[in-house]
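Source file: target-v2.csv. Holds: CSV, C-alpha atoms.
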chain,number,residue,atom,x,y,z
A,1,MET,CA,-33.0,-44.7,-72.2
A,2,SER,CA,-32.7,-45.9,-68.7
A,3,GLU,CA,-30.3,-48.4,-67.4
A,4,ALA,CA,-33.1,-50.8,-66.6
A,5,ASP,CA,-34.3,-50.7,-70.2
A,6,ALA,CA,-30.9,-51.2,-71.5
A,7,ALA,CA,-30.3,-54.1,-69.3
A,8,SER,CA,-33.6,-55.8,-70.3
A,9,GLN,CA,-32.8,-55.2,-74.0
A,10,SER,CA,-29.3,-56.6,-73.8
A,11,ALA,CA,-30.4,-59.6,-71.8
A,12,GLY,CA,-33.7,-60.0,-73.6
A,13,ARG,CA,-35.5,-60.4,-70.3
A,14,LYS,CA,-38.7,-58.9,-68.9
A,15,PRO,CA,-38.7,-55.2,-68.0
A,16,VAL,CA,-38.1,-53.9,-64.4
A,17,ARG,CA,-40.2,-55.3,-61.6
A,18,PRO,CA,-42.3,-52.8,-59.5
A,19,PRO,CA,-40.3,-51.0,-56.8
A,20,GLY,CA,-40.0,-52.7,-53.4
A,21,ARG,CA,-40.8,-51.3,-50.0
A,22,ILE,CA,-37.6,-49.3,-49.8
A,23,GLY,CA,-38.0,-48.0,-53.3
A,24,ARG,CA,-41.5,-46.8,-52.5
A,25,ALA,CA,-40.5,-45.2,-49.3
A,26,TRP,CA,-37.7,-43.4,-51.1
A,27,ARG,CA,-40.1,-42.1,-53.7
A,28,TRP,CA,-42.6,-40.9,-51.1
A,29,PHE,CA,-39.7,-39.1,-49.3
A,30,ARG,CA,-38.6,-37.4,-52.5
A,31,GLY,CA,-42.2,-36.4,-53.3
A,32,LEU,CA,-42.6,-34.5,-50.0
A,33,THR,CA,-43.0,-30.7,-50.5
A,34,VAL,CA,-40.3,-29.8,-48.0
A,35,VAL,CA,-37.8,-32.1,-49.7
A,36,ARG,CA,-38.7,-30.9,-53.2
A,37,VAL,CA,-38.2,-27.3,-52.2
A,38,ALA,CA,-35.0,-28.0,-50.4
A,39,LEU,CA,-33.5,-29.9,-53.4
A,40,SER,CA,-34.6,-27.5,-56.2
A,41,PRO,CA,-32.4,-24.5,-57.0
A,42,ALA,CA,-33.4,-21.2,-55.4
A,43,SER,CA,-35.6,-19.1,-57.7
A,44,THR,CA,-35.8,-15.8,-55.8
A,45,LEU,CA,-32.8,-15.8,-53.4
A,46,SER,CA,-29.5,-14.8,-54.9
A,47,LEU,CA,-26.4,-16.9,-54.6
A,48,GLY,CA,-24.7,-14.1,-52.7
A,49,PHE,CA,-27.4,-14.0,-50.1
A,50,LEU,CA,-27.4,-17.7,-49.6
A,51,THR,CA,-23.6,-18.1,-49.3
A,52,LEU,CA,-23.1,-15.0,-47.1
A,53,GLY,CA,-26.3,-15.6,-45.1
A,54,GLY,CA,-25.2,-19.2,-44.6
A,55,PHE,CA,-21.8,-18.0,-43.5
A,56,MET,CA,-23.2,-15.5,-41.0
A,57,ALA,CA,-25.7,-18.0,-39.7
A,58,GLY,CA,-22.9,-20.5,-39.2
A,59,VAL,CA,-20.8,-18.0,-37.3
A,60,VAL,CA,-23.8,-17.1,-35.0
A,61,PHE,CA,-24.6,-20.8,-34.4
A,62,TRP,CA,-21.0,-21.8,-33.8
A,63,GLY,CA,-20.3,-18.9,-31.5
A,64,GLY,CA,-23.5,-19.5,-29.5
A,65,PHE,CA,-22.7,-23.2,-29.3
A,66,ASN,CA,-19.1,-22.5,-28.0
A,67,THR,CA,-20.3,-19.9,-25.6
A,68,ALA,CA,-22.8,-22.3,-24.1
A,69,LEU,CA,-20.2,-25.0,-24.0
A,70,GLU,CA,-17.7,-22.7,-22.2
A,71,SER,CA,-20.2,-21.4,-19.7
A,72,THR,CA,-20.9,-25.0,-18.6
A,73,ASN,CA,-17.2,-25.5,-18.4
A,74,THR,CA,-16.5,-23.3,-15.4
A,75,THR,CA,-16.1,-24.0,-11.7
A,76,ARG,CA,-18.9,-21.6,-11.0
A,77,PHE,CA,-21.3,-23.7,-13.1
A,78,CYS,CA,-20.2,-26.9,-11.4
A,79,VAL,CA,-20.7,-25.5,-7.8
A,80,GLY,CA,-24.1,-24.2,-8.9
A,81,CYS,CA,-25.4,-27.6,-7.8
A,82,HIS,CA,-25.4,-28.3,-4.1
A,83,GLU,CA,-24.0,-31.7,-4.5
A,84,MET,CA,-20.7,-30.3,-5.8
A,85,ARG,CA,-20.7,-27.2,-3.7
A,86,ASP,CA,-21.2,-28.9,-0.3
A,87,ASN,CA,-19.1,-32.0,-0.9
A,88,VAL,CA,-16.2,-32.0,-3.4
A,89,PHE,CA,-15.8,-28.2,-3.7
A,90,GLU,CA,-15.6,-27.9,0.1
A,91,GLU,CA,-12.8,-30.4,0.2
A,92,LEU,CA,-10.9,-28.9,-2.7
A,93,GLN,CA,-10.6,-25.6,-0.9
A,94,GLY,CA,-8.0,-26.9,1.6
A,95,THR,CA,-5.7,-28.3,-1.0
A,96,VAL,CA,-2.7,-27.0,-2.8
A,97,HIS,CA,-4.6,-27.0,-6.1
A,98,PHE,CA,-6.8,-24.3,-4.7
A,99,THR,CA,-4.5,-22.0,-2.8
A,100,ASN,CA,-0.7,-22.0,-3.0
A,101,ARG,CA,2.3,-19.8,-2.9
A,102,SER,CA,2.4,-19.1,-6.6
A,103,GLY,CA,-1.3,-18.2,-7.0
A,104,VAL,CA,-2.2,-20.7,-9.6
A,105,ARG,CA,-5.6,-22.4,-9.2
A,106,ALA,CA,-7.1,-25.5,-10.8
A,107,GLY,CA,-10.8,-25.4,-11.0
A,108,CYS,CA,-13.2,-28.3,-11.5
A,109,PRO,CA,-13.0,-28.5,-15.4
A,110,ASP,CA,-9.2,-28.2,-15.4
A,111,CYS,CA,-9.0,-31.7,-14.0
A,112,HIS,CA,-12.3,-33.3,-14.9
A,113,VAL,CA,-12.9,-32.2,-18.5
A,114,PRO,CA,-10.4,-32.8,-21.3
A,115,HIS,CA,-9.2,-29.6,-23.0
A,116,GLU,CA,-9.0,-31.0,-26.5
A,117,TRP,CA,-12.3,-30.4,-28.4
A,118,THR,CA,-13.2,-34.0,-29.5
A,119,ARG,CA,-12.6,-35.5,-26.1
A,120,LYS,CA,-14.3,-32.6,-24.4
A,121,ILE,CA,-17.5,-33.1,-26.4
A,122,ALA,CA,-17.3,-36.8,-25.6
A,123,ARG,CA,-17.0,-36.0,-21.9
A,124,LYS,CA,-19.8,-33.5,-22.1
A,125,MET,CA,-22.1,-36.2,-23.6
A,126,GLN,CA,-21.1,-38.5,-20.8
A,127,ALA,CA,-22.0,-35.8,-18.3
A,128,SER,CA,-25.7,-36.1,-19.3
A,129,LYS,CA,-25.6,-39.0,-16.8
A,130,GLU,CA,-24.7,-36.5,-14.1
A,131,VAL,CA,-27.6,-34.3,-15.1
A,132,TRP,CA,-29.8,-37.4,-14.6
A,133,GLY,CA,-28.2,-38.0,-11.2
A,134,HIS,CA,-28.9,-34.4,-10.2
A,135,VAL,CA,-32.5,-34.5,-11.4
A,136,PHE,CA,-33.2,-37.8,-9.6
A,137,GLY,CA,-31.1,-36.9,-6.6
A,138,SER,CA,-28.7,-39.9,-6.6
A,139,ILE,CA,-26.3,-37.9,-4.3
A,140,ALA,CA,-28.7,-35.4,-3.0
A,141,THR,CA,-27.7,-35.9,0.7
A,142,ARG,CA,-24.4,-36.1,2.4
A,143,ASP,CA,-25.0,-39.8,3.3
A,144,ALA,CA,-25.9,-40.7,-0.3
A,145,PHE,CA,-22.8,-39.0,-1.5
A,146,LEU,CA,-20.6,-40.9,1.0
A,147,ASP,CA,-22.2,-44.1,0.0
A,148,LEU,CA,-21.5,-43.5,-3.6
A,149,ARG,CA,-18.0,-41.9,-3.1
A,150,ARG,CA,-16.0,-45.1,-3.9
A,151,HIS,CA,-18.0,-45.6,-7.1
A,152,LEU,CA,-17.6,-42.0,-8.1
A,153,ALA,CA,-13.9,-42.0,-7.4
A,154,GLU,CA,-13.4,-45.3,-9.2
A,155,SER,CA,-14.9,-43.9,-12.4
A,156,GLU,CA,-12.6,-40.9,-12.3
A,157,TRP,CA,-9.6,-43.1,-11.6
A,158,THR,CA,-10.5,-45.3,-14.5
A,159,ARG,CA,-11.0,-42.4,-16.8
A,160,MET,CA,-7.7,-40.8,-15.9
A,161,ARG,CA,-5.8,-44.1,-16.1
A,162,ALA,CA,-7.3,-44.6,-19.6
A,163,ASN,CA,-6.2,-41.2,-20.9
A,164,ASP,CA,-2.8,-41.5,-19.2
A,165,SER,CA,-3.7,-38.7,-16.6
A,166,LEU,CA,-4.1,-36.3,-19.4
A,167,GLU,CA,-5.6,-33.6,-17.2
A,168,CYS,CA,-2.7,-33.7,-14.8
A,169,ARG,CA,-0.3,-33.5,-17.7
A,170,ASN,CA,-2.0,-30.4,-19.0
A,171,CYS,CA,0.1,-28.6,-16.4
A,172,HIS,CA,2.5,-31.2,-15.0
A,173,THR,CA,4.5,-32.5,-18.0
A,174,THR,CA,7.4,-34.9,-17.7
A,175,GLN,CA,9.4,-32.7,-20.2
A,176,ALA,CA,9.2,-29.7,-17.9
A,177,MET,CA,9.8,-31.8,-14.7
A,178,ASP,CA,13.3,-31.1,-13.2
A,179,LEU,CA,14.1,-34.1,-11.1
A,180,SER,CA,17.1,-32.4,-9.5
A,181,ARG,CA,14.8,-29.8,-8.0
A,182,GLN,CA,12.6,-32.5,-6.4
A,183,ASN,CA,13.0,-34.2,-3.1
A,184,PRO,CA,15.3,-37.2,-3.7
A,185,ARG,CA,12.6,-39.6,-2.6
A,186,ALA,CA,10.1,-38.1,-5.1
A,187,ALA,CA,12.7,-37.9,-7.8
A,188,ALA,CA,13.6,-41.6,-7.4
A,189,ALA,CA,9.9,-42.6,-7.5
A,190,HIS,CA,9.2,-40.5,-10.6
A,191,GLU,CA,12.2,-41.8,-12.4
A,192,ARG,CA,11.3,-45.4,-11.6
A,193,PHE,CA,7.6,-45.3,-12.2
A,194,LEU,CA,6.6,-42.2,-14.2
A,195,PHE,CA,9.4,-41.9,-16.7
A,196,SER,CA,9.5,-45.6,-17.4
A,197,GLY,CA,5.8,-45.4,-18.2
A,198,GLU,CA,5.1,-48.1,-15.7
A,199,ARG,CA,2.5,-46.0,-14.0
A,200,THR,CA,0.6,-42.8,-14.6
A,201,CYS,CA,0.0,-39.9,-12.3
A,202,ILE,CA,-3.3,-41.1,-10.8
A,203,ASP,CA,-1.9,-44.5,-9.9
A,204,CYS,CA,0.0,-42.9,-7.0
A,205,HIS,CA,-1.5,-39.5,-6.5
A,206,LYS,CA,-5.1,-40.3,-5.5
A,207,GLY,CA,-7.1,-38.1,-3.2
A,208,ILE,CA,-4.9,-35.0,-3.8
A,209,ALA,CA,-7.9,-32.7,-4.3
A,210,HIS,CA,-10.7,-34.5,-2.5
A,211,ARG,CA,-11.0,-36.7,0.5
A,212,LEU,CA,-10.6,-40.4,-0.2
A,213,PRO,CA,-13.3,-43.1,-0.1
A,214,ASP,CA,-12.8,-46.4,1.7
A,215,MET,CA,-9.5,-47.5,0.1
A,216,SER,CA,-9.6,-51.2,1.0
A,217,GLY,CA,-8.8,-53.2,-2.0
A,218,VAL,CA,-7.3,-50.4,-4.0
A,219,PRO,CA,-3.9,-51.3,-5.3
A,220,GLY,CA,-1.1,-49.5,-3.4
A,221,TRP,CA,-3.3,-49.0,-0.3
A,222,GLN,CA,-4.2,-51.1,2.7
B,1,MET,CA,-22.5,-15.7,61.8
B,2,LYS,CA,-23.0,-12.0,61.5
B,3,ARG,CA,-23.6,-10.5,58.1
B,4,GLY,CA,-20.7,-8.1,58.4
B,5,ARG,CA,-18.1,-10.9,58.5
B,6,LEU,CA,-19.0,-12.4,55.2
B,7,PRO,CA,-17.1,-10.0,52.9
B,8,LEU,CA,-14.1,-10.3,55.1
B,9,LEU,CA,-14.2,-14.1,55.0
B,10,ALA,CA,-14.6,-14.0,51.2
B,11,ALA,CA,-11.6,-11.7,50.9
B,12,ALA,CA,-9.6,-13.9,53.2
B,13,THR,CA,-10.4,-17.0,51.0
B,14,LEU,CA,-9.9,-15.3,47.7
B,15,ALA,CA,-6.6,-13.4,48.4
B,16,PRO,CA,-4.4,-16.5,48.8
B,17,CYS,CA,-5.8,-18.0,45.6
B,18,LEU,CA,-5.1,-14.9,43.6
B,19,VAL,CA,-1.5,-14.6,45.1
B,20,ALA,CA,-0.9,-18.3,44.4
B,21,GLY,CA,-2.2,-17.9,40.9
B,22,ALA,CA,0.1,-15.0,40.3
B,23,LEU,CA,3.1,-16.8,41.7
B,24,LEU,CA,2.4,-20.0,39.6
B,25,ALA,CA,1.9,-17.9,36.5
B,26,GLN,CA,5.4,-16.5,37.1
B,27,ASP,CA,6.8,-20.0,37.1
B,28,ALA,CA,5.0,-21.5,34.2
B,29,PRO,CA,7.0,-21.3,30.9
B,30,ARG,CA,5.6,-18.6,28.7
B,31,LEU,CA,4.9,-20.8,25.6
B,32,ARG,CA,2.9,-18.0,24.1
B,33,GLY,CA,5.6,-15.4,24.3
B,34,PRO,CA,5.7,-12.3,26.5
B,35,GLU,CA,2.3,-10.9,25.6
B,36,PRO,CA,-0.5,-11.8,28.1
B,37,PHE,CA,-3.0,-14.3,26.9
B,38,THR,CA,-5.8,-11.8,27.0
B,39,ARG,CA,-4.3,-9.9,24.1
B,40,GLU,CA,-4.8,-11.3,20.7
B,41,GLN,CA,-1.7,-11.8,18.6
B,42,ALA,CA,-0.9,-12.7,15.0
B,43,ALA,CA,-0.2,-16.4,14.6
B,44,PRO,CA,3.5,-17.1,14.0
B,45,PRO,CA,4.3,-18.4,10.4
B,46,VAL,CA,4.0,-22.1,9.9
B,47,PRO,CA,7.6,-23.4,10.1
B,48,ARG,CA,9.0,-25.4,7.2
B,49,ALA,CA,8.9,-29.1,7.5
B,50,VAL,CA,12.2,-31.1,7.5
B,51,THR,CA,12.2,-33.1,4.3
B,52,ASN,CA,15.8,-34.4,4.1
B,53,ASP,CA,14.9,-38.1,4.6
B,54,VAL,CA,17.8,-38.5,7.0
B,55,ARG,CA,16.9,-40.8,9.9
B,56,VAL,CA,17.0,-39.1,13.2
B,57,ARG,CA,18.7,-40.8,16.1
B,58,ARG,CA,16.3,-41.9,18.9
B,59,ASN,CA,16.9,-40.2,22.2
B,60,TYR,CA,16.0,-43.4,24.0
B,61,PRO,CA,15.4,-46.9,22.8
B,62,ASP,CA,11.7,-46.9,23.0
B,63,GLN,CA,11.2,-43.6,21.2
B,64,PRO,CA,9.0,-43.8,18.2
B,65,PRO,CA,11.1,-42.9,15.2
B,66,LEU,CA,10.7,-39.3,13.9
B,67,ILE,CA,9.4,-38.7,10.4
B,68,PRO,CA,12.0,-37.0,8.2
B,69,HIS,CA,9.7,-35.9,5.5
B,70,ALA,CA,6.6,-33.8,5.0
B,71,VAL,CA,3.2,-35.4,5.6
B,72,ASP,CA,1.0,-32.5,4.4
B,73,GLY,CA,-2.2,-33.7,2.8
B,74,TYR,CA,-1.5,-37.3,3.7
B,75,ALA,CA,-4.8,-39.1,4.3
B,76,LEU,CA,-5.0,-40.7,7.8
B,77,ASP,CA,-8.6,-41.4,8.6
B,78,LEU,CA,-11.0,-44.3,8.7
B,79,ASN,CA,-11.0,-44.6,5.0
B,80,ALA,CA,-7.3,-44.4,4.1
B,81,ASN,CA,-3.9,-44.5,5.6
B,82,LYS,CA,-1.3,-42.9,3.4
B,83,CYS,CA,1.6,-43.8,5.6
B,84,MET,CA,1.0,-47.5,5.0
B,85,SER,CA,1.3,-47.0,1.2
B,86,CYS,CA,5.0,-46.9,1.8
B,87,HIS,CA,5.7,-48.4,5.2
B,88,ALA,CA,3.6,-51.5,5.0
B,89,ARG,CA,5.6,-54.6,4.7
B,90,ARG,CA,4.5,-55.4,1.1
B,91,PHE,CA,5.3,-51.9,-0.2
B,92,THR,CA,8.7,-51.4,1.3
B,93,GLU,CA,10.6,-52.8,-1.7
B,94,GLN,CA,9.2,-50.3,-4.1
B,95,SER,CA,9.2,-47.4,-1.6
B,96,GLN,CA,12.5,-48.3,0.1
B,97,ALA,CA,10.9,-46.9,3.3
B,98,PRO,CA,11.5,-48.6,6.7
B,99,MET,CA,8.9,-51.2,7.5
B,100,ILE,CA,6.6,-50.6,10.4
B,101,SER,CA,7.9,-52.2,13.6
B,102,VAL,CA,7.0,-55.8,14.3
B,103,THR,CA,5.5,-54.5,17.6
B,104,HIS,CA,2.8,-53.0,15.4
B,105,TYR,CA,1.5,-56.4,14.4
B,106,GLN,CA,0.5,-57.2,18.0
B,107,ASP,CA,-2.7,-56.3,19.7
B,108,ARG,CA,-2.9,-55.3,23.3
B,109,GLU,CA,-3.1,-58.9,24.5
B,110,GLY,CA,0.2,-59.7,22.7
B,111,ASN,CA,-1.4,-61.8,19.9
B,112,THR,CA,0.5,-61.3,16.6
B,113,LEU,CA,-1.9,-60.4,13.9
B,114,GLY,CA,-1.5,-60.7,10.1
B,115,GLY,CA,-1.3,-56.9,9.6
B,116,LEU,CA,-1.2,-53.6,11.3
B,117,ALA,CA,-3.0,-53.8,14.7
B,118,PRO,CA,-5.9,-51.5,14.9
B,119,ARG,CA,-4.4,-49.8,18.0
B,120,ARG,CA,-1.4,-48.8,15.9
B,121,TYR,CA,-3.4,-47.3,13.0
B,122,ALA,CA,-3.1,-43.7,14.0
B,123,CYS,CA,0.6,-43.3,13.0
B,124,LEU,CA,0.8,-39.6,13.9
B,125,ALA,CA,-0.2,-40.2,17.5
B,126,CYS,CA,3.4,-41.3,18.2
B,127,HIS,CA,5.5,-40.5,15.0
B,128,VAL,CA,5.7,-36.9,14.3
B,129,PRO,CA,7.3,-34.8,11.5
B,130,GLN,CA,9.9,-32.3,12.3
B,131,ALA,CA,10.1,-28.6,11.6
B,132,GLU,CA,12.8,-25.9,11.4
B,133,ALA,CA,11.6,-24.2,14.6
B,134,ARG,CA,13.3,-22.8,17.7
B,135,PRO,CA,12.3,-24.5,20.9
B,136,LEU,CA,9.8,-22.4,22.9
B,137,VAL,CA,11.5,-23.3,26.2
B,138,GLU,CA,15.0,-24.4,27.1
B,139,ASN,CA,15.5,-28.1,26.6
B,140,ARG,CA,17.5,-29.8,29.4
B,141,PHE,CA,17.2,-33.3,28.1
B,142,ARG,CA,20.2,-35.5,28.7
B,143,ASP,CA,20.9,-38.5,26.5
B,144,MET,CA,20.6,-41.9,28.2
B,145,ASP,CA,24.2,-42.9,27.5
B,146,GLU,CA,25.4,-39.7,29.2
B,147,LEU,CA,23.6,-40.8,32.3
B,148,THR,CA,24.5,-44.5,32.2
B,149,GLU,CA,28.1,-44.3,31.0
B,150,PRO,CA,29.3,-40.8,31.8
B,151,GLU,CA,32.9,-41.7,31.6
B,152,ARG,CA,32.6,-42.8,27.9
B,153,GLN,CA,31.1,-39.6,26.8
B,154,SER,CA,33.6,-37.2,25.3
B,155,GLY,CA,32.9,-33.7,26.5
B,156,GLY,CA,29.5,-34.4,28.0
B,157,ARG,CA,27.1,-33.4,25.3
B,158,SER,CA,27.5,-35.6,22.3
B,159,ASN,CA,24.0,-36.2,21.2
B,160,ARG,CA,24.0,-33.5,18.6
As C-alpha cells, the full file:
Amino acid sequence: MSEADAASQSAGRKPVRPPGRIGRAWRWFRGLTVVRVALSPASTLSLGFLTLGGFMAGVVFWGGFNTALESTNTTRFCVGCHEMRDNVFEELQGTVHFTNRSGVRAGCPDCHVPHEWTRKIARKMQASKEVWGHVFGSIATRDAFLDLRRHLAESEWTRMRANDSLECRNCHTTQAMDLSRQNPRAAAAHERFLFSGERTCIDCHKGIAHRLPDMSGVPGWQ
Amino acid sequence: MKRGRLPLLAAATLAPCLVAGALLAQDAPRLRGPEPFTREQAAPPVPRAVTNDVRVRRNYPDQPPLIPHAVDGYALDLNANKCMSCHARRFTEQSQAPMISVTHYQDREGNTLGGLAPRRYACLACHVPQAEARPLVENRFRDMDELTEPERQSGGRSNR
C-alpha cells in the first residue's frame, strides 16, 4: 500500500491527482535506457572488477588531471605565450627574484598561483579569462600591454591584498624573519606595519619583480 | 706644389699631434688602471653600497645630500618615483626620512609649486648613493672651513 493510498484512506479524500510537470519529467528521466542500466545492479561484471576497475580508473584520471594541472603551472608554460615572454618575463630577469647570491629562483606560478589546492583551482578557473585575452589579443602588442598595465597590476595587487600576500609568505614568513639581521630602517618599518598587521607585503613592496605602471593615485606613491 | 712634398707635409703635421697626444695621455689620470684601453679587461666587482643610514656631512653648503642607503631596484622613471614614497612631505612621518628640500618645490622661474617641481624629479641626477670603494685618483679636496678659517682648524684636515 502506497503512502498516497494510505493518506487518502485515512483522510477519506479523493485518490492522488495525476503527476505534474516535474513528476512527468522525472518519470521520463527514470525511463531512459541509459539511466535504467546505470541504476540496475550489474548482471555480468563482478563486484571485484567494478571496485578495482573503478579504483584504477580513478588513479589514472586523477594522475592525468594533476599532471595536466602541474604542466600548466610552470614558468615554461607561462612564457610560451609571447605576451608573457616579451613583457613581464623580460622584466623579471633583472630582479633579485630571478638571480641572486643564494641561487633561489621564483618563477611565475610561485607568486601568481596559490600553492594550496582549493585556491589553486579557483585561480586556474579565473585564468580562463587570460586564455580569452590571449585568443582575442587584448595585450598582443607592446602598446596594448602598456595601456593595460595599470589594470593588470591593480588586479594582482587586489588579489594579493585579499589573501594577505599569501604568495610572498610562502617563502617570506614573519616567523622566520630575524629583524636584528635587517637594516634598522627595514626592521623598524616591518615592526611597525607588518608585525602589527596594519599592512601586508604588497602594500609597500610593489613593482619588485616587474616594472611599475603609472603610479599616480596609488596609496603611498606620488 | 710638387707631388714629392706632400708626404713630408703630412708627416710634419701629424708628428706634433701624435707627440702631443702621447704627452697628454701621460698626464691624464689612469681611471681604467695600468692596462691600455685597447686590451679588454674583466670588470671589477660591484662595490657594496653603504646602507648605514647615517647622514653624511656636506662638503660645501650647496652640496646635494648623499644617500646613505641602497637604491637598488628603486623605480625612478616616468611612471613611478620610489624616492618620493619616503621623502615626500606627506610620507615623512611614517618613514622618518628627511623631507625633500623646499627648493624642490620651486620651478626655474622661482614660483613655488604645490609639490615636487618637474625639474627636480630625477633625484639621482644630484643625490647619489655611496659605495665602499677606493678612489681611483687621489682626492685633493679641501673643506671650505679650512680655507675660510684656517686658524680655527685643528691640525689642518678635520673633515674626516
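Between B:Glu146 and the residues B:Pro44, B:Gly110, B:Tyr60, B:Thr38, the shortest atom-to-atom distance, using only C-alpha atoms, involves B:Tyr60.
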**Expected residue set, 12 Å radius at (1.8, -41.6, 4.0), all atoms listed in the file, as a PyMOL selection string** = (chain A and resi 204-207+220-222) or (chain B and resi 67-77+80-88+91+95+97+121-124+127-129)
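For the pair atom CA of A:Arg192 and atom CA of B:His104, the interatomic distance is 29.3 Å.
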Pull out every residue of chain A sitting within 8 Å of chain B, counting all atoms listed in the file, and send them as a CSV table (one decimal) with C-alpha atoms, in the frame of the given file.
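For reference, selection.csv as written:
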chain,number,residue,atom,x,y,z
A,95,THR,CA,-5.7,-28.3,-1.0
A,183,ASN,CA,13.0,-34.2,-3.1
A,185,ARG,CA,12.6,-39.6,-2.6
A,189,ALA,CA,9.9,-42.6,-7.5
A,207,GLY,CA,-7.1,-38.1,-3.2
A,208,ILE,CA,-4.9,-35.0,-3.8
A,211,ARG,CA,-11.0,-36.7,0.5
A,212,LEU,CA,-10.6,-40.4,-0.2
A,213,PRO,CA,-13.3,-43.1,-0.1
A,214,ASP,CA,-12.8,-46.4,1.7
A,215,MET,CA,-9.5,-47.5,0.1
A,216,SER,CA,-9.6,-51.2,1.0
A,220,GLY,CA,-1.1,-49.5,-3.4
A,221,TRP,CA,-3.3,-49.0,-0.3
A,222,GLN,CA,-4.2,-51.1,2.7
**Prompt:** In Å, with one decimal, what is the gap from atom CA of A:Pro109 to atom CA of A:Met84?
**Reply:**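 Going from atom CA of A:Pro109 over to atom CA of A:Met84 covers 12.4 Å.
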